[in-house]
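The block underneath contains the structure these notes are about, expressed in structure tokens.
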Amino acid sequence: VSEARSRGSRGARCPALGGKVIRLSPTALDTYNQCPALYKRRYVQRLRDKPTPALAVGNAVHRAMEVLNYERQKKSPMAFEELRRVYDEAFKQEAPKVGAWNDKTPESEQERGFRMLARIAAATRDMMPAEVEQWFEFPLLGRPGFTLAGKIDAVLDDGTLVDYKTASKPWHQKKLDEQRQPALYANARLHLTGQAPSKFIFVVADAATDSVKPFPVDVTPAAADRIKSLLDREGRIIGREGRNIRAFEQVTGVNVMIDDTPESVLISCFDPV
């Protein structure tokens, strides 16, 4: 685990953007979109709830998949016993952080997580990664001093982006439609390589049904072009280097958020205007 994490961090060197930079992750943006008050609690006031058992399992599975993918990238088969050892090591690091196990036990959750990991590994045996944990960071349009940063779990030889998920409930179409991660990651890949990916796949391990299912998402060039045209149009609203938005925010005391919602500009504040 430590070897894989150090390799990932070496790829995290980004050009200096000048001044103080606030990095936002796709998770942080999703939180703000769903509930600005929760965003304020977590990312502004830094009030965090202790991790749940499900989060401990998810983190351990993700770290083990990271190591497995590095071995796959090298065309080096990884023994089942070694995968188990890596997962157990990761879970032991996560378990002490859990706030309360409630009706669960660390031992039962550890075994549940490994079953999900084994199924993900089996379901993705033909998904050979060309890149693993690819770091990205780029400025957010119209938000000087803010960047979007994160890591793409895996990029396949054909450019397909892959993200691994562990879920306590089955995914459905509405859940898939709510995900902004594919569009954000496709935009990140476009910034990194100059080419938009054509495919994005969520590989979801469902604890409720004890199964793994891939969920492909459309990130075709047409979708990338839609994002580009949206950004071009919104650039006129934002103004040069965000001057229009900053002036409006200073006068009204609100935050102006422009995302991929068609014909929509979100105005948000924690206190009544």
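Every chain in the structure tokens has a letter given in the order shown (A, B, ...), and although residue numbers restart at 1 in each chain, ligands are simply numbered from 1 in the order shown.
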- Mind listing the strand (DSSP E) residues of stretch 22-231 of chain A, per DSSP on the backbone, as a PyMOL selection string? chain A and resi 22-24+129-139+146-156+161-167+199-206+211-218
- Query: Which neighbours of A:Phe136 fall inside 8 Å, counting only C-alpha atoms, when residues of the same chain fewer than 6 positions from it are skipped, and could you give them as a ChimeraX atom specification?
  - Reply: /A:12,148-152,188-189,192
- Message: Which residues are close to A:Trp101, i.e. within 12 Å by only C-alpha atoms, leaving aside same-chain residues fewer than 3 positions away? Reply as a VMD selection string.
- Response: chain A and resid 50 to 57 95 to 98 104 to 110
Next, dump the selected residues to file, keeping only N, CA and C atoms, as a PDB file, in the first residue's frame.
ATOM      1  N   LYS A  50     -17.026  11.141  12.272  1.00  0.00           N
ATOM      2  CA  LYS A  50     -16.062  10.048  12.178  1.00  0.00           C
ATOM      3  C   LYS A  50     -16.494   9.072  11.084  1.00  0.00           C
ATOM      4  N   PRO A  51     -15.527   8.424  10.441  1.00  0.00           N
ATOM      5  CA  PRO A  51     -15.851   7.501   9.350  1.00  0.00           C
ATOM      6  C   PRO A  51     -16.790   6.382   9.787  1.00  0.00           C
ATOM      7  N   THR A  52     -17.612   5.942   8.857  1.00  0.00           N
ATOM      8  CA  THR A  52     -18.514   4.823   9.095  1.00  0.00           C
ATOM      9  C   THR A  52     -17.817   3.516   8.719  1.00  0.00           C
ATOM     10  N   PRO A  53     -18.375   2.371   9.148  1.00  0.00           N
ATOM     11  CA  PRO A  53     -17.804   1.089   8.710  1.00  0.00           C
ATOM     12  C   PRO A  53     -17.764   0.966   7.191  1.00  0.00           C
ATOM     13  N   ALA A  54     -18.804   1.472   6.519  1.00  0.00           N
ATOM     14  CA  ALA A  54     -18.837   1.377   5.051  1.00  0.00           C
ATOM     15  C   ALA A  54     -17.686   2.154   4.425  1.00  0.00           C
ATOM     16  N   LEU A  55     -17.345   3.311   5.001  1.00  0.00           N
ATOM     17  CA  LEU A  55     -16.235   4.104   4.465  1.00  0.00           C
ATOM     18  C   LEU A  55     -14.909   3.393   4.687  1.00  0.00           C
ATOM     19  N   ALA A  56     -14.748   2.753   5.840  1.00  0.00           N
ATOM     20  CA  ALA A  56     -13.518   1.999   6.109  1.00  0.00           C
ATOM     21  C   ALA A  56     -13.347   0.878   5.090  1.00  0.00           C
ATOM     22  N   VAL A  57     -14.435   0.169   4.815  1.00  0.00           N
ATOM     23  CA  VAL A  57     -14.392  -0.904   3.823  1.00  0.00           C
ATOM     24  C   VAL A  57     -14.062  -0.337   2.441  1.00  0.00           C
ATOM     25  N   ALA A  95      -9.754   0.720  10.237  1.00  0.00           N
ATOM     26  CA  ALA A  95     -10.686   0.317  11.301  1.00  0.00           C
ATOM     27  C   ALA A  95     -10.632   1.197  12.551  1.00  0.00           C
ATOM     28  N   PRO A  96      -9.443   1.597  13.044  1.00  0.00           N
ATOM     29  CA  PRO A  96      -9.413   2.427  14.259  1.00  0.00           C
ATOM     30  C   PRO A  96     -10.051   3.796  14.093  1.00  0.00           C
ATOM     31  N   LYS A  97     -10.258   4.248  12.871  1.00  0.00           N
ATOM     32  CA  LYS A  97     -10.827   5.572  12.639  1.00  0.00           C
ATOM     33  C   LYS A  97     -12.353   5.577  12.738  1.00  0.00           C
ATOM     34  N   VAL A  98     -12.978   4.406  12.697  1.00  0.00           N
ATOM     35  CA  VAL A  98     -14.441   4.307  12.666  1.00  0.00           C
ATOM     36  C   VAL A  98     -15.039   4.818  13.968  1.00  0.00           C
ATOM     37  N   LYS A 104     -22.558  -3.986  13.743  1.00  0.00           N
ATOM     38  CA  LYS A 104     -21.534  -4.676  12.958  1.00  0.00           C
ATOM     39  C   LYS A 104     -20.299  -4.917  13.823  1.00  0.00           C
ATOM     40  N   THR A 105     -19.400  -5.728  13.331  1.00  0.00           N
ATOM     41  CA  THR A 105     -18.119  -5.947  14.001  1.00  0.00           C
ATOM     42  C   THR A 105     -17.005  -5.706  12.993  1.00  0.00           C
ATOM     43  N   PRO A 106     -15.818  -5.315  13.448  1.00  0.00           N
ATOM     44  CA  PRO A 106     -14.710  -5.127  12.510  1.00  0.00           C
ATOM     45  C   PRO A 106     -14.414  -6.383  11.693  1.00  0.00           C
ATOM     46  N   GLU A 107     -14.522  -7.537  12.331  1.00  0.00           N
ATOM     47  CA  GLU A 107     -14.211  -8.786  11.638  1.00  0.00           C
ATOM     48  C   GLU A 107     -15.201  -9.074  10.501  1.00  0.00           C
ATOM     49  N   SER A 108     -16.506  -8.868  10.794  1.00  0.00           N
ATOM     50  CA  SER A 108     -17.512  -9.147   9.756  1.00  0.00           C
ATOM     51  C   SER A 108     -17.400  -8.156   8.597  1.00  0.00           C
ATOM     52  N   GLU A 109     -17.113  -6.891   8.914  1.00  0.00           N
ATOM     53  CA  GLU A 109     -16.969  -5.885   7.859  1.00  0.00           C
ATOM     54  C   GLU A 109     -15.706  -6.123   7.043  1.00  0.00           C
ATOM     55  N   GLN A 110     -14.651  -6.599   7.703  1.00  0.00           N
ATOM     56  CA  GLN A 110     -13.420  -6.908   6.984  1.00  0.00           C
ATOM     57  C   GLN A 110     -13.669  -8.012   5.957  1.00  0.00           C
TER      58      GLN A 110
END
- Message: Excluding A:Thr209 and its own-chain neighbours fewer than 6 positions away, which residues fall within 12 Å of it when counting only C-alpha atoms? Please give them as JSON, numbers by chain.
- Response: {"A": [112, 115, 116, 119, 166, 167, 168, 169, 170, 171]}
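Using only C-alpha atoms for every distance, the candidate list A:Val86, A:Val67, A:Val61, A:Val155 yields A:Val61 as the residue closest to A:Leu117.
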Per residue of stretch 160-225 of chain A within 12 Å of stretch 34-39 of chain A, which atom pair is closest and at what distance in Å (one decimal), using only C-alpha atoms, listed by chain and increasing number, as JSON lines?
{"residue": "A:Glu178", "atom": "CA", "partner": "A:Gln34", "partner_atom": "CA", "distance": 10.0}
{"residue": "A:Gln179", "atom": "CA", "partner": "A:Gln34", "partner_atom": "CA", "distance": 11.2}
{"residue": "A:Arg180", "atom": "CA", "partner": "A:Gln34", "partner_atom": "CA", "distance": 11.4}
Just the helix (DSSP H, G or I) stuff from stretch 23-127 of chain A, please, per backbone DSSP, written as an mmCIF file with C-alpha atoms, in the first residue's frame.
data_model
loop_
_atom_site.group_PDB
_atom_site.id
_atom_site.type_symbol
_atom_site.label_atom_id
_atom_site.label_comp_id
_atom_site.auth_asym_id
_atom_site.auth_seq_id
_atom_site.Cartn_x
_atom_site.Cartn_y
_atom_site.Cartn_z
ATOM 1 C CA PRO A 26 -15.342 16.332 -7.247
ATOM 2 C CA THR A 27 -16.774 15.081 -3.934
ATOM 3 C CA ALA A 28 -16.658 18.596 -2.485
ATOM 4 C CA LEU A 29 -18.424 20.014 -5.542
ATOM 5 C CA ASP A 30 -21.109 17.325 -5.337
ATOM 6 C CA THR A 31 -21.606 18.138 -1.651
ATOM 7 C CA TYR A 32 -22.024 21.843 -2.419
ATOM 8 C CA ASN A 33 -24.490 21.058 -5.200
ATOM 9 C CA GLN A 34 -26.595 18.834 -2.935
ATOM 10 C CA PRO A 36 -24.435 24.169 0.688
ATOM 11 C CA ALA A 37 -24.938 23.988 4.477
ATOM 12 C CA LEU A 38 -23.314 20.539 4.596
ATOM 13 C CA TYR A 39 -20.461 21.851 2.434
ATOM 14 C CA LYS A 40 -19.923 24.691 4.900
ATOM 15 C CA ARG A 41 -19.871 22.254 7.822
ATOM 16 C CA ARG A 42 -17.385 19.878 6.219
ATOM 17 C CA TYR A 43 -15.094 22.106 4.182
ATOM 18 C CA VAL A 44 -15.315 25.557 5.760
ATOM 19 C CA PRO A 53 -17.804 1.089 8.710
ATOM 20 C CA ALA A 54 -18.837 1.377 5.051
ATOM 21 C CA LEU A 55 -16.235 4.104 4.465
ATOM 22 C CA ALA A 56 -13.518 1.999 6.109
ATOM 23 C CA VAL A 57 -14.392 -0.904 3.823
ATOM 24 C CA GLY A 58 -14.511 1.340 0.755
ATOM 25 C CA ASN A 59 -11.120 2.891 1.478
ATOM 26 C CA ALA A 60 -9.504 -0.503 2.050
ATOM 27 C CA VAL A 61 -10.978 -1.921 -1.169
ATOM 28 C CA HIS A 62 -9.819 1.128 -3.128
ATOM 29 C CA ARG A 63 -6.246 0.885 -1.814
ATOM 30 C CA ALA A 64 -6.070 -2.815 -2.618
ATOM 31 C CA MET A 65 -7.357 -2.169 -6.162
ATOM 32 C CA GLU A 66 -4.711 0.525 -6.534
ATOM 33 C CA VAL A 67 -1.947 -1.967 -5.758
ATOM 34 C CA LEU A 68 -3.537 -4.619 -7.981
ATOM 35 C CA ASN A 69 -3.744 -2.185 -10.894
ATOM 36 C CA TYR A 70 -0.094 -1.226 -10.562
ATOM 37 C CA GLU A 71 0.751 -4.926 -10.848
ATOM 38 C CA ARG A 72 -1.582 -5.285 -13.828
ATOM 39 C CA GLN A 73 0.058 -2.275 -15.445
ATOM 40 C CA PHE A 80 -4.824 -14.179 -4.387
ATOM 41 C CA GLU A 81 -2.999 -14.477 -1.069
ATOM 42 C CA GLU A 82 -1.009 -11.295 -1.759
ATOM 43 C CA LEU A 83 -4.178 -9.374 -2.619
ATOM 44 C CA ARG A 84 -5.653 -10.563 0.667
ATOM 45 C CA ARG A 85 -2.582 -9.419 2.585
ATOM 46 C CA VAL A 86 -2.661 -5.966 0.999
ATOM 47 C CA TYR A 87 -6.385 -5.578 1.729
ATOM 48 C CA ASP A 88 -6.022 -6.724 5.351
ATOM 49 C CA GLU A 89 -3.184 -4.251 5.899
ATOM 50 C CA ALA A 90 -5.289 -1.413 4.491
ATOM 51 C CA PHE A 91 -8.348 -2.367 6.537
ATOM 52 C CA LYS A 92 -6.322 -2.457 9.759
ATOM 53 C CA GLN A 93 -5.280 1.134 9.074
ATOM 54 C CA GLU A 94 -8.901 2.214 8.504
ATOM 55 C CA ALA A 95 -10.686 0.317 11.301
ATOM 56 C CA PRO A 96 -9.413 2.427 14.259
ATOM 57 C CA LYS A 97 -10.827 5.572 12.639
ATOM 58 C CA PRO A 106 -14.710 -5.127 12.510
ATOM 59 C CA GLU A 107 -14.211 -8.786 11.638
ATOM 60 C CA SER A 108 -17.512 -9.147 9.756
ATOM 61 C CA GLU A 109 -16.969 -5.885 7.859
ATOM 62 C CA GLN A 110 -13.420 -6.908 6.984
ATOM 63 C CA GLU A 111 -14.703 -10.128 5.437
ATOM 64 C CA ARG A 112 -17.557 -8.345 3.655
ATOM 65 C CA GLY A 113 -15.089 -5.905 2.128
ATOM 66 C CA PHE A 114 -12.791 -8.621 0.891
ATOM 67 C CA ARG A 115 -15.680 -10.424 -0.800
ATOM 68 C CA MET A 116 -16.447 -7.192 -2.676
ATOM 69 C CA LEU A 117 -12.777 -6.745 -3.559
ATOM 70 C CA ALA A 118 -12.500 -10.303 -4.897
ATOM 71 C CA ARG A 119 -15.568 -9.762 -7.096
ATOM 72 C CA ILE A 120 -14.263 -6.430 -8.418
ATOM 73 C CA ALA A 121 -10.894 -8.027 -9.210
ATOM 74 C CA ALA A 122 -12.617 -10.874 -11.060
ATOM 75 C CA ALA A 123 -14.992 -8.580 -12.957
#
- So what do you get for atom CA of A:Pro216 versus atom CA of A:Ala79, distance-wise? 28.5 Å
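For the set A:Tyr185, A:Phe202, A:Phe146, A:Phe138, the residue with the smallest atom-to-atom gap to A:Asp163 is A:Phe202, counting only C-alpha atoms.
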- Message: As an exercise, work out the distance from atom CA of A:Ala130 to atom CA of A:Lys74 in Å and give it to one decimal place.
- Response: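 Calculated distance between atom CA of A:Ala130 and atom CA of A:Lys74 is 9.3 Å.
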- Proximity to A:Val217 - best of A:His172, A:Arg48, A:Lys199, A:Arg23, only C-alpha atoms: A:Lys199
- Query: What does the distance from atom CA of A:Thr147 to atom CA of A:Leu24 come to in Å, to one decimal?
  - Reply: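 Rounded to one decimal, the two atoms are 6.0 Å apart.
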